[in-house]
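Q: Here you go, this is input29.cif (mmCIF, C-alpha atoms and all ligand atoms).
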```cif
data_my_file
loop_
_atom_site.label_atom_id
_atom_site.label_comp_id
_atom_site.auth_asym_id
_atom_site.auth_seq_id
_atom_site.Cartn_x
_atom_site.Cartn_y
_atom_site.Cartn_z
CA MET V 1 -7.89 27.51 26.83
CA LEU V 2 -7.28 24.67 29.25
CA ARG V 3 -10.22 25.68 31.41
CA HIS V 4 -12.36 25.77 28.34
CA ARG V 5 -11.16 22.32 27.35
CA LEU V 6 -12.12 20.89 30.74
CA ALA V 7 -15.50 22.56 30.64
CA CYS V 8 -16.58 21.26 27.29
CA SER V 9 -18.01 17.77 27.15
CA SER V 10 -16.65 16.49 23.87
CA ALA V 11 -19.22 14.58 21.93
CA ILE V 12 -18.10 11.79 19.65
CA VAL V 13 -18.58 12.76 16.05
CA THR V 14 -19.14 10.15 13.41
CA ILE V 15 -17.91 10.53 9.85
CA VAL V 16 -20.50 8.05 8.63
CA GLY V 17 -23.23 10.66 9.03
CA ALA V 18 -21.18 13.07 6.98
CA ALA V 19 -20.65 10.53 4.19
CA MET V 20 -23.55 11.84 2.09
CA LEU V 21 -21.93 15.23 2.15
CA ALA V 22 -18.49 13.82 1.38
CA GLN V 23 -18.03 15.70 -1.84
CA SER V 24 -19.28 18.98 -0.43
CA VAL V 25 -16.97 19.08 2.60
CA VAL V 26 -14.70 22.15 2.50
CA ARG V 27 -11.17 21.04 1.59
CA THR V 28 -9.07 22.88 4.16
CA ALA V 29 -7.13 22.42 7.38
CA ASP V 30 -8.72 25.58 8.79
CA PRO V 31 -11.52 24.78 11.27
CA ILE V 32 -13.39 28.03 10.67
CA LYS V 33 -13.35 27.71 6.87
CA ARG V 34 -14.49 24.13 7.41
CA GLY V 35 -17.56 25.48 9.18
CA LEU V 36 -16.48 24.41 12.66
CA LYS V 37 -15.99 26.38 15.85
CA GLU V 38 -12.88 26.43 18.00
CA SER V 39 -15.07 25.12 20.82
CA ASP V 40 -15.75 21.96 18.77
CA PHE V 41 -12.22 20.82 19.68
CA PRO V 42 -10.74 18.62 20.93
CA ARG V 43 -13.01 16.01 19.41
CA THR V 44 -13.20 12.29 18.92
CA ILE V 45 -14.29 10.94 15.56
CA LYS V 46 -15.66 7.45 15.08
CA VAL V 47 -14.16 6.26 11.80
CA THR V 48 -15.47 2.67 11.86
CA ASP V 49 -16.96 0.47 14.58
CA ASN V 50 -13.72 0.24 16.59
CA VAL V 51 -11.42 2.83 15.01
CA TYR V 52 -11.37 6.45 16.12
CA THR V 53 -9.37 9.59 15.60
CA TYR V 54 -8.76 12.33 18.13
CA GLU V 55 -8.20 15.85 16.86
CA ASP V 56 -6.86 18.70 18.97
CA PHE V 57 -5.35 22.01 17.93
CA HIS V 58 -1.68 22.35 17.21
CA ALA V 59 0.02 25.11 19.21
CA GLY V 60 0.42 28.46 17.46
CA ASP V 61 -1.64 31.24 15.90
CA GLU V 62 -2.77 29.32 12.85
CA LYS V 63 -5.38 26.82 13.97
CA PHE V 64 -5.21 23.30 12.56
CA THR V 65 -5.46 19.88 14.13
CA THR V 66 -2.92 17.34 15.26
CA THR V 67 -4.66 14.03 14.67
CA ASN V 68 -4.15 10.74 16.50
CA MET V 69 -5.72 7.34 15.82
CA PHE V 70 -6.82 4.73 18.33
CA VAL V 71 -8.10 1.21 17.78
CA VAL V 72 -10.25 -0.52 20.39
CA THR V 73 -9.91 -4.31 20.42
CA ASP V 74 -10.91 -7.16 22.75
CA ALA V 75 -7.47 -6.94 24.32
CA GLY V 76 -7.09 -3.18 24.78
CA VAL V 77 -6.41 0.02 22.91
CA VAL V 78 -3.68 0.64 20.36
CA VAL V 79 -2.81 4.32 19.93
CA ALA V 80 -0.94 5.92 17.03
CA ASP V 81 0.74 9.22 18.04
CA GLY V 82 0.00 11.58 20.92
CA GLN V 83 -0.41 15.32 21.32
CA GLY V 84 2.13 18.06 21.99
CA ASN V 85 2.06 18.43 25.78
CA PRO V 86 1.01 16.33 28.80
CA ALA V 87 -2.34 18.13 29.29
CA ALA V 88 -3.29 17.62 25.65
CA THR V 89 -2.30 13.95 25.64
CA LYS V 90 -4.22 13.50 28.88
CA GLY V 91 -7.17 14.81 26.86
CA LEU V 92 -6.62 11.97 24.40
CA VAL V 93 -6.32 9.40 27.21
CA ASP V 94 -9.54 10.71 28.79
CA ALA V 95 -11.34 10.64 25.43
CA ILE V 96 -10.34 6.99 25.01
CA ALA V 97 -11.71 6.24 28.49
CA LYS V 98 -15.07 7.69 27.41
CA VAL V 99 -15.17 5.20 24.53
CA THR V 100 -13.96 2.08 26.34
CA PRO V 101 -12.91 0.88 29.80
CA LYS V 102 -10.15 -1.18 28.14
CA PRO V 103 -6.57 -0.16 28.90
CA ILE V 104 -4.16 1.45 26.45
CA THR V 105 -1.67 -1.32 25.69
CA HIS V 106 0.36 0.02 22.73
CA VAL V 107 1.52 3.43 21.55
CA VAL V 108 3.08 3.65 18.10
CA ILE V 109 5.30 6.70 17.72
CA CYS V 110 4.74 7.42 14.04
CA SER V 111 6.19 10.95 14.19
CA ASP V 112 8.96 11.71 16.68
CA HIS V 113 8.31 15.48 16.59
CA GLY V 114 7.37 17.18 19.84
CA ASP V 115 3.90 18.10 18.67
CA HIS V 116 3.14 14.34 18.60
CA THR V 117 5.34 13.09 21.46
CA ALA V 118 5.87 15.79 24.10
CA GLY V 119 2.77 14.65 25.95
CA ASN V 120 3.71 10.96 26.10
CA ALA V 121 4.20 11.13 29.88
CA SER V 122 0.39 11.13 30.11
CA PHE V 123 0.12 7.64 28.62
CA PRO V 124 -0.15 4.98 31.32
CA SER V 125 3.17 3.61 32.51
CA GLY V 126 3.87 0.17 31.13
CA VAL V 127 2.42 0.71 27.65
CA HIS V 128 4.36 -0.97 24.87
CA TYR V 129 5.96 1.66 22.63
CA VAL V 130 6.83 1.05 18.98
CA ILE V 131 9.24 3.38 17.18
CA HIS V 132 11.62 3.55 14.21
CA PRO V 133 15.31 3.58 15.21
CA ALA V 134 15.86 6.95 13.48
CA SER V 135 13.06 8.44 15.57
CA LYS V 136 14.44 6.89 18.73
CA ALA V 137 17.79 8.52 17.95
CA ALA V 138 16.11 11.84 17.14
CA MET V 139 14.22 11.84 20.44
CA GLY V 140 17.36 11.11 22.43
CA LYS V 141 16.69 11.00 26.16
CA ASN V 142 12.99 11.69 25.53
CA ALA V 143 12.59 8.38 23.69
CA PRO V 144 10.94 5.54 25.62
CA ALA V 145 13.80 3.41 26.93
CA ASP V 146 12.43 -0.04 26.13
CA ALA V 147 10.53 0.64 22.90
CA GLU V 148 10.19 -2.00 20.21
CA LEU V 149 12.14 -0.90 17.13
CA VAL V 150 10.65 -1.22 13.64
CA THR V 151 12.89 -0.56 10.65
CA ASP V 152 10.69 -2.03 7.92
CA LYS V 153 7.46 -3.70 8.99
CA THR V 154 5.98 -5.64 11.86
CA SER V 155 2.54 -6.94 12.65
CA PHE V 156 0.90 -8.03 15.85
CA LYS V 157 -2.49 -9.11 17.11
CA SER V 158 -4.45 -7.09 19.63
CA GLY V 159 -7.31 -9.40 20.48
CA SER V 160 -8.59 -10.53 17.10
CA GLU V 161 -7.45 -7.35 15.30
CA GLU V 162 -4.31 -7.43 13.19
CA ILE V 163 -2.23 -4.29 13.48
CA GLN V 164 0.59 -3.63 11.01
CA VAL V 165 3.27 -1.03 11.63
CA MET V 166 5.31 -0.08 8.60
CA PHE V 167 8.01 2.25 7.39
CA LEU V 168 7.14 3.49 3.89
CA GLY V 169 10.39 5.42 3.57
CA ARG V 170 11.87 8.63 4.90
CA ALA V 171 9.32 11.41 4.59
CA HIS V 172 8.64 14.18 7.14
CA THR V 173 10.95 13.06 9.96
CA GLY V 174 13.13 10.27 8.57
CA GLY V 175 11.68 7.73 11.02
CA ASP V 176 8.11 7.96 9.75
CA LEU V 177 5.97 4.97 10.73
CA SER V 178 2.45 4.24 9.51
CA VAL V 179 -0.21 1.99 11.04
CA TYR V 180 -2.26 -0.22 8.73
CA LEU V 181 -5.38 -2.13 9.72
CA PRO V 182 -5.80 -4.82 7.06
CA ARG V 183 -9.34 -5.84 8.10
CA GLN V 184 -10.61 -2.28 7.87
CA LYS V 185 -8.19 -1.11 5.18
CA ILE V 186 -7.36 1.99 7.17
CA LEU V 187 -3.90 3.55 6.91
CA PHE V 188 -2.81 6.10 9.50
CA LEU V 189 0.01 7.98 7.81
CA SER V 190 0.89 10.41 10.59
CA GLU V 191 3.03 13.24 9.18
CA THR V 192 3.68 11.48 5.89
CA PHE V 193 0.25 12.96 5.05
CA LEU V 194 -0.51 16.57 5.98
CA ASN V 195 -4.09 17.21 4.94
CA ARG V 196 -4.17 20.70 3.36
CA VAL V 197 -1.20 21.77 5.46
CA PHE V 198 1.77 23.14 3.46
CA PRO V 199 4.58 20.56 3.09
CA ALA V 200 6.62 21.05 6.25
CA MET V 201 10.23 20.10 5.58
CA ARG V 202 12.39 21.10 8.54
CA SER V 203 13.58 17.50 8.95
CA ALA V 204 12.24 16.08 5.69
CA TYR V 205 13.68 14.09 2.78
CA PRO V 206 11.84 15.70 -0.16
CA SER V 207 12.22 13.18 -2.99
CA GLU V 208 12.00 10.17 -0.65
CA TRP V 209 8.80 11.65 0.76
CA LEU V 210 7.27 11.55 -2.74
CA ALA V 211 8.22 7.87 -3.01
CA ALA V 212 6.61 7.13 0.37
CA LEU V 213 3.37 8.75 -0.81
CA THR V 214 3.41 6.65 -3.98
CA LYS V 215 3.80 3.53 -1.85
CA ALA V 216 0.86 4.57 0.32
CA GLU V 217 -1.29 5.23 -2.73
CA ARG V 218 -0.55 1.77 -4.13
CA MET V 219 -1.72 0.01 -0.97
CA ASP V 220 -5.18 -1.49 -0.56
CA VAL V 221 -6.69 1.31 1.52
CA ASN V 222 -10.24 2.56 2.04
CA ILE V 223 -9.45 5.43 4.40
CA TYR V 224 -6.19 7.37 4.76
CA ILE V 225 -5.72 9.34 7.96
CA ALA V 226 -3.38 12.35 8.18
CA GLY V 227 -1.30 13.37 11.20
CA HIS V 228 -2.36 17.00 10.71
CA GLY V 229 -5.63 18.19 9.28
CA PHE V 230 -9.09 16.72 9.41
CA THR V 231 -10.23 13.12 9.38
CA GLU V 232 -12.00 12.57 6.07
CA THR V 233 -14.38 9.96 4.72
CA GLY V 234 -12.72 7.30 2.54
CA PRO V 235 -13.29 8.82 -0.93
CA VAL V 236 -12.31 12.30 0.21
CA SER V 237 -9.24 10.95 2.01
CA LYS V 238 -8.02 9.38 -1.24
CA GLU V 239 -8.49 12.63 -3.14
CA GLU V 240 -6.79 14.60 -0.39
CA LEU V 241 -3.80 12.25 -0.22
CA ARG V 242 -3.47 12.75 -3.98
CA ALA V 243 -3.83 16.53 -3.50
CA TYR V 244 -1.11 16.46 -0.87
CA HIS V 245 1.16 14.46 -3.16
CA LYS V 246 0.63 17.07 -5.91
CA ALA V 247 1.36 19.88 -3.45
CA LEU V 248 4.64 18.27 -2.43
CA GLU V 249 5.56 17.76 -6.09
CA ALA V 250 4.75 21.39 -6.87
CA VAL V 251 6.81 22.75 -3.97
CA ILE V 252 9.79 20.58 -4.92
CA ALA V 253 9.42 21.60 -8.58
CA GLU V 254 9.38 25.32 -7.69
CA ALA V 255 12.49 25.01 -5.53
CA THR V 256 14.20 22.96 -8.24
CA ARG V 257 13.35 25.58 -10.88
CA LEU V 258 14.94 28.32 -8.77
CA HIS V 259 17.98 26.16 -8.02
CA LYS V 260 18.47 25.39 -11.73
CA ALA V 261 18.20 29.10 -12.54
CA GLY V 262 21.10 29.71 -10.14
CA VAL V 263 19.04 31.80 -7.74
CA PRO V 264 20.82 31.98 -4.37
CA LEU V 265 18.90 30.48 -1.47
CA GLU V 266 18.19 33.81 0.27
CA ASP V 267 16.58 35.18 -2.90
CA ALA V 268 14.85 31.92 -3.75
CA THR V 269 12.91 31.90 -0.49
CA LYS V 270 11.57 35.35 -1.43
CA GLN V 271 10.96 34.68 -5.12
CA ALA V 272 9.25 31.31 -4.76
CA ASN V 273 5.75 31.21 -6.23
CA PHE V 274 3.71 28.41 -4.71
CA GLY V 275 0.54 29.18 -6.65
CA GLU V 276 -2.57 27.71 -5.07
CA TYR V 277 -0.50 26.20 -2.24
CA ALA V 278 0.28 29.69 -0.90
CA ALA V 279 -3.27 29.52 0.51
CA TRP V 280 -2.58 26.32 2.47
CA THR V 281 -2.16 26.43 6.24
CA LEU V 282 1.44 27.26 7.34
CA SER V 283 2.58 28.29 3.84
CA LYS V 284 4.18 31.52 5.06
CA SER V 285 6.32 29.87 7.73
CA GLN V 286 6.97 26.59 5.92
CA GLY V 287 7.57 27.89 2.38
CA PRO V 288 11.13 29.17 2.99
CA ILE V 289 12.04 26.04 4.98
CA ALA V 290 10.87 23.85 2.10
CA ILE V 291 12.99 25.79 -0.41
CA ARG V 292 16.04 25.44 1.83
CA LYS V 293 15.50 21.70 2.25
CA VAL V 294 15.13 21.04 -1.48
CA TYR V 295 18.29 23.11 -2.11
CA GLU V 296 20.11 20.94 0.44
CA GLU V 297 18.97 17.79 -1.31
CA LEU V 298 19.94 19.10 -4.74
CA ASP V 299 23.33 20.12 -3.37
CA GLY V 300 23.89 16.61 -2.00
CA LYS V 301 23.86 17.84 1.60
CA LEU V 302 21.03 15.58 2.78
CA LYS V 303 22.41 12.35 4.14
ZN ZN G 401 3.57 17.62 13.51
#
```
Represent the structure of the file as structure tokens.
A:
Amino acid sequence: MLRHRLACSSAIVTIVGAAMLAQSVVRTADPIKRGLKESDFPRTIKVTDNVYTYEDFHAGDEKFTTTNMFVVTDAGVVVADGQGNPAATKGLVDAIAKVTPKPITHVVICSDHGDHTAGNASFPSGVHYVIHPASKAAMGKNAPADAELVTDKTSFKSGSEEIQVMFLGRAHTGGDLSVYLPRQKILFLSETFLNRVFPAMRSAYPSEWLAALTKAERMDVNIYIAGHGFTETGPVSKEELRAYHKALEAVIAEATRLHKAGVPLEDATKQANFGEYAAWTLSKSQGPIAIRKVYEELDGKLK
């Protein structure tokens, strides 16, 4: 896999060219169903003139992408999230170097989970990290020691580009940060938005996650970018964020129905009927976890 990765010269894909086909793109997190080949990854996608995403496969049997964003400015490169191991994040760093000679200056840790942070050692030393305090606590000794903490919102200039980092509420991790580019109206939602990936709730806050999605939907955004799943064109990204919101609502509603019916947790995880969402990536592994998490919230066990 690694040898393959080194051998393939990753071309930069543009989503502008795909815009005409926006409505015909296959709505899935599965690369094969999407009409892509495993050898198409990792890949860099040019979203606008200076904003890119980098998609590489998440570890595991079910193939779907972990997606990072990077913004190239006069002053350097601002990165949102990394990959899940040092070799994979080195792939991201190398892909950035193919786009620009400018140095990586900032890394925003939007999701503290290992699949987005365990490769951070491959970022250049001396980059300025930004993180939510809850994520810093969750990462423990793996957290960058001198990171800037953001509890609500901050904004900074990189060259002439304004970068906003915001906390829209507890969602997938509890320390979920998003990166908003007001000039471009691009919102990188990291794991607050899982594009066609089943709501993954191991460390989630189900009802607060819904509220965070509502906040994101009310913002002035042209393109939403997910932390897992494909980078979409603007109109499709809006529909897919809405589709994800509906999926999360449906999963919470199904768990709530079982809870109200007095079904014990062990039986509920087996009886749950997720309808169309049973076909989403990771539904088999994440379905039972989601039921358990919603039960915990309904039982007042989520603090
Ligand atoms: Zn993840």
Q: Residues within 7 Å of Val294 in chain V, please, as a ChimeraX atom specification. Count only C-alpha atoms; anything in the same chain fewer than 6 positions from it doesn't count.
A: /V:206,252,255
Q: Those same residues - C-alpha atoms - I'd like them written as a PDB file, keeping the file's coordinate frame.
A:
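Ended up saving to part_16.pdb:
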```
ATOM      1  CA  PRO V 206      11.840  15.700  -0.160  1.00  0.00           C
ATOM      2  CA  ILE V 252       9.790  20.580  -4.920  1.00  0.00           C
ATOM      3  CA  ALA V 255      12.490  25.010  -5.530  1.00  0.00           C
TER       4      ALA V 255
END
```
Q: Compare V:Thr14, V:Ser160, V:Asn195, V:Thr154 by their minimum atom-to-atom distance to ligand ZN 401 (chain G), counting only C-alpha atoms and all ligand atoms, and give me the closest one.
A: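 Smallest distance to ligand ZN 401 (chain G) is found for V:Asn195.
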Q: Hey, which of V:Arg202, V:Arg257, V:Lys102, V:Lys90 ends up closest to ligand ZN 401 (chain G)? Count only C-alpha atoms and all ligand atoms.
A: V:Arg202
Q: Counting only C-alpha atoms, select every polymer residue within 12 Å of (-3.2, 27.5, 20.5) as defined in the file's coordinates, and provide the selection as a list in words.
A: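 Residues lying no farther than 12 Å from the given point: Met1, Leu2, Arg5, Glu38, Phe41, Pro42, Asp56, Phe57, His58, Ala59, Gly60, Asp61, Glu62, Lys63, Phe64, Thr65, Thr66, Gly84, Asn85, Ala88 and Asp115 of chain V.
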Q: Choose the residue, out of V:Ile104, V:Met69, V:Ala29, V:Ala200, that has the smallest atom-to-atom separation from ligand ZN 401 (chain G); count only C-alpha atoms and all ligand atoms.
A: V:Ala200
Q: Hey, what's within 10 Å of Ala247 in chain V if we count all atoms listed in the file and toss same-chain stuff fewer than 2 positions away? As a PyMOL selection string, please?
A: chain V and resi 196-199+241-245+249-253+274-277+280
Q: Neighbouring residues of ligand ZN 401 (chain G) are defined here as those with any atom at most 10 Å from a ligand atom, counting all atoms listed in the file; list them as a PyMOL selection string.
A: chain V and resi 58+65-67+81+83-84+111-117+172-173+190-192+194+200+227-228
Q: If you measure from CA of Ala216 in chain V to CA of Leu189 in chain V, what distance in Å do you get, rounded to one decimal?
A: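 Interatomic distance, CA of Ala216 in chain V to CA of Leu189 in chain V: 8.3 Å.
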Q: Using all atoms listed in the file, find the one residue out of V:Ile223, V:Val165, V:Leu149, V:Val263 that sits nearest to Gln184 in chain V.
A: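 Using all atoms listed in the file, Gln184 in chain V sits closest to V:Ile223.
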Q: Using CA of Ile96 in chain V and CA of Met166 in chain V as the two end points, give the distance in Å to one decimal.
A: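 Between CA of Ile96 in chain V and CA of Met166 in chain V the gap is 23.8 Å.
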Q: Point out the residue among V:Glu161, V:Glu148, V:Glu208, V:Asp267 with the least atom-to-atom distance to Ile131 in chain V, counting all atoms listed in the file.
A: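 So, comparing all the options, the nearest one is V:Glu148.
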Q: Identify, on the basis of all atoms listed in the file, every residue whose closest approach to Trp209 in chain V does not exceed 8 Å; exclude the query and any residue fewer than 3 positions from it along the same chain; express the result as a PDB file with C-alpha atoms, in the coordinates of the input.
A:
```
ATOM      1  CA  GLY V 169      10.390   5.420   3.570  1.00  0.00           C
ATOM      2  CA  ARG V 170      11.870   8.630   4.900  1.00  0.00           C
ATOM      3  CA  ALA V 171       9.320  11.410   4.590  1.00  0.00           C
ATOM      4  CA  HIS V 172       8.640  14.180   7.140  1.00  0.00           C
ATOM      5  CA  THR V 192       3.680  11.480   5.890  1.00  0.00           C
ATOM      6  CA  ALA V 204      12.240  16.080   5.690  1.00  0.00           C
ATOM      7  CA  TYR V 205      13.680  14.090   2.780  1.00  0.00           C
ATOM      8  CA  PRO V 206      11.840  15.700  -0.160  1.00  0.00           C
ATOM      9  CA  ALA V 212       6.610   7.130   0.370  1.00  0.00           C
ATOM     10  CA  LEU V 213       3.370   8.750  -0.810  1.00  0.00           C
TER      11      LEU V 213
END
```
Q: So that I can check the surroundings of Ile109 in chain V, please list as a list in words every protein, DNA and RNA residue that reaches within 10 Å of it, counting all atoms listed in the file and ignoring chain neighbours fewer than 3 positions away.
A: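 With the cut-off at 10 Å, the set is Val79, Ala80, Asp81, Gly82, His106, Asp112, His113, His116, Thr117, Asn120, Tyr129, Val130, Ile131, His132, Ser135, Lys136, Ala143, Pro144, Ala147, Gly175, Asp176, Leu177, Ser178, Val179 and Ser190 of chain V.
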Q: Nearest to Val13 in chain V: which of V:Val99, V:Val72, V:Phe167, V:Asp30 is it, counting all atoms listed in the file?
A: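 Closest to Val13 in chain V, using all atoms listed in the file: V:Val99.
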Q: Taking (17.4, 27.9, 0.8) in the file's coordinates, which residues come within 10 Å, counting all atoms listed in the file, written as a PyMOL selection string?
A: chain V and resi 255+258-259+263-270+287-296
Q: Which distance in Å separates CA of Ile45 in chain V and CA of Pro124 in chain V, to one decimal?
A: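 Distance between the two atoms: 22.0 Å.
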Q: Applying 9 Å and all atoms listed in the file, which residues near Val26 in chain V remain after dropping the ones on its own chain fewer than 6 positions away? List them as number ranges by chain.
A: V: 33-35
Q: May I ask you to restore N, CA, C and O atoms in range 223-240 of chain V and write the result as an mmCIF file, in the frame of the given file?
A:
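And here's part.cif as it stands now:
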```cif
data_model
loop_
_atom_site.group_PDB
_atom_site.id
_atom_site.type_symbol
_atom_site.label_atom_id
_atom_site.label_comp_id
_atom_site.auth_asym_id
_atom_site.auth_seq_id
_atom_site.Cartn_x
_atom_site.Cartn_y
_atom_site.Cartn_z
ATOM 1 N N ILE V 223 -9.490 4.120 3.741
ATOM 2 C CA ILE V 223 -9.450 5.430 4.400
ATOM 3 C C ILE V 223 -8.004 5.745 4.805
ATOM 4 O O ILE V 223 -7.366 4.961 5.519
ATOM 5 N N TYR V 224 -7.496 6.869 4.333
ATOM 6 C CA TYR V 224 -6.190 7.370 4.760
ATOM 7 C C TYR V 224 -6.410 8.414 5.840
ATOM 8 O O TYR V 224 -7.279 9.285 5.712
ATOM 9 N N ILE V 225 -5.599 8.357 6.884
ATOM 10 C CA ILE V 225 -5.720 9.340 7.960
ATOM 11 C C ILE V 225 -4.413 10.110 8.091
ATOM 12 O O ILE V 225 -3.333 9.526 8.158
ATOM 13 N N ALA V 226 -4.544 11.450 8.108
ATOM 14 C CA ALA V 226 -3.380 12.350 8.180
ATOM 15 C C ALA V 226 -3.020 12.657 9.627
ATOM 16 O O ALA V 226 -3.870 12.625 10.513
ATOM 17 N N GLY V 227 -1.760 12.978 9.861
ATOM 18 C CA GLY V 227 -1.300 13.370 11.200
ATOM 19 C C GLY V 227 -1.612 14.819 11.546
ATOM 20 O O GLY V 227 -1.597 15.200 12.716
ATOM 21 N N HIS V 228 -1.850 15.640 10.516
ATOM 22 C CA HIS V 228 -2.360 17.000 10.710
ATOM 23 C C HIS V 228 -3.478 17.220 9.709
ATOM 24 O O HIS V 228 -3.392 16.785 8.563
ATOM 25 N N GLY V 229 -4.479 17.955 10.148
ATOM 26 C CA GLY V 229 -5.630 18.190 9.280
ATOM 27 C C GLY V 229 -6.747 17.229 9.639
ATOM 28 O O GLY V 229 -6.588 16.347 10.487
ATOM 29 N N PHE V 230 -7.878 17.416 8.986
ATOM 30 C CA PHE V 230 -9.090 16.720 9.410
ATOM 31 C C PHE V 230 -9.143 15.259 8.953
ATOM 32 O O PHE V 230 -8.538 14.877 7.958
ATOM 33 N N THR V 231 -9.902 14.491 9.730
ATOM 34 C CA THR V 231 -10.230 13.120 9.380
ATOM 35 C C THR V 231 -11.312 13.157 8.312
ATOM 36 O O THR V 231 -12.348 13.792 8.508
ATOM 37 N N GLU V 232 -11.059 12.516 7.184
ATOM 38 C CA GLU V 232 -12.000 12.570 6.070
ATOM 39 C C GLU V 232 -12.701 11.219 5.879
ATOM 40 O O GLU V 232 -12.221 10.202 6.363
ATOM 41 N N THR V 233 -13.786 11.224 5.142
ATOM 42 C CA THR V 233 -14.380 9.960 4.720
ATOM 43 C C THR V 233 -13.436 9.323 3.684
ATOM 44 O O THR V 233 -12.572 9.998 3.113
ATOM 45 N N GLY V 234 -13.631 8.034 3.413
ATOM 46 C CA GLY V 234 -12.720 7.300 2.540
ATOM 47 C C GLY V 234 -12.460 7.965 1.194
ATOM 48 O O GLY V 234 -11.306 8.254 0.850
ATOM 49 N N PRO V 235 -13.524 8.236 0.407
ATOM 50 C CA PRO V 235 -13.290 8.820 -0.930
ATOM 51 C C PRO V 235 -12.575 10.162 -0.872
ATOM 52 O O PRO V 235 -11.685 10.436 -1.675
ATOM 53 N N VAL V 236 -12.966 10.993 0.092
ATOM 54 C CA VAL V 236 -12.310 12.300 0.210
ATOM 55 C C VAL V 236 -10.853 12.111 0.641
ATOM 56 O O VAL V 236 -9.953 12.806 0.155
ATOM 57 N N SER V 237 -10.613 11.150 1.537
ATOM 58 C CA SER V 237 -9.240 10.950 2.010
ATOM 59 C C SER V 237 -8.315 10.551 0.866
ATOM 60 O O SER V 237 -7.155 10.959 0.821
ATOM 61 N N LYS V 238 -8.840 9.779 -0.077
ATOM 62 C CA LYS V 238 -8.020 9.380 -1.240
ATOM 63 C C LYS V 238 -7.702 10.592 -2.102
ATOM 64 O O LYS V 238 -6.575 10.771 -2.568
ATOM 65 N N GLU V 239 -8.712 11.418 -2.332
ATOM 66 C CA GLU V 239 -8.490 12.630 -3.140
ATOM 67 C C GLU V 239 -7.515 13.574 -2.437
ATOM 68 O O GLU V 239 -6.662 14.191 -3.078
ATOM 69 N N GLU V 240 -7.648 13.662 -1.124
ATOM 70 C CA GLU V 240 -6.790 14.600 -0.390
ATOM 71 C C GLU V 240 -5.352 14.097 -0.297
ATOM 72 O O GLU V 240 -4.415 14.894 -0.297
#
```
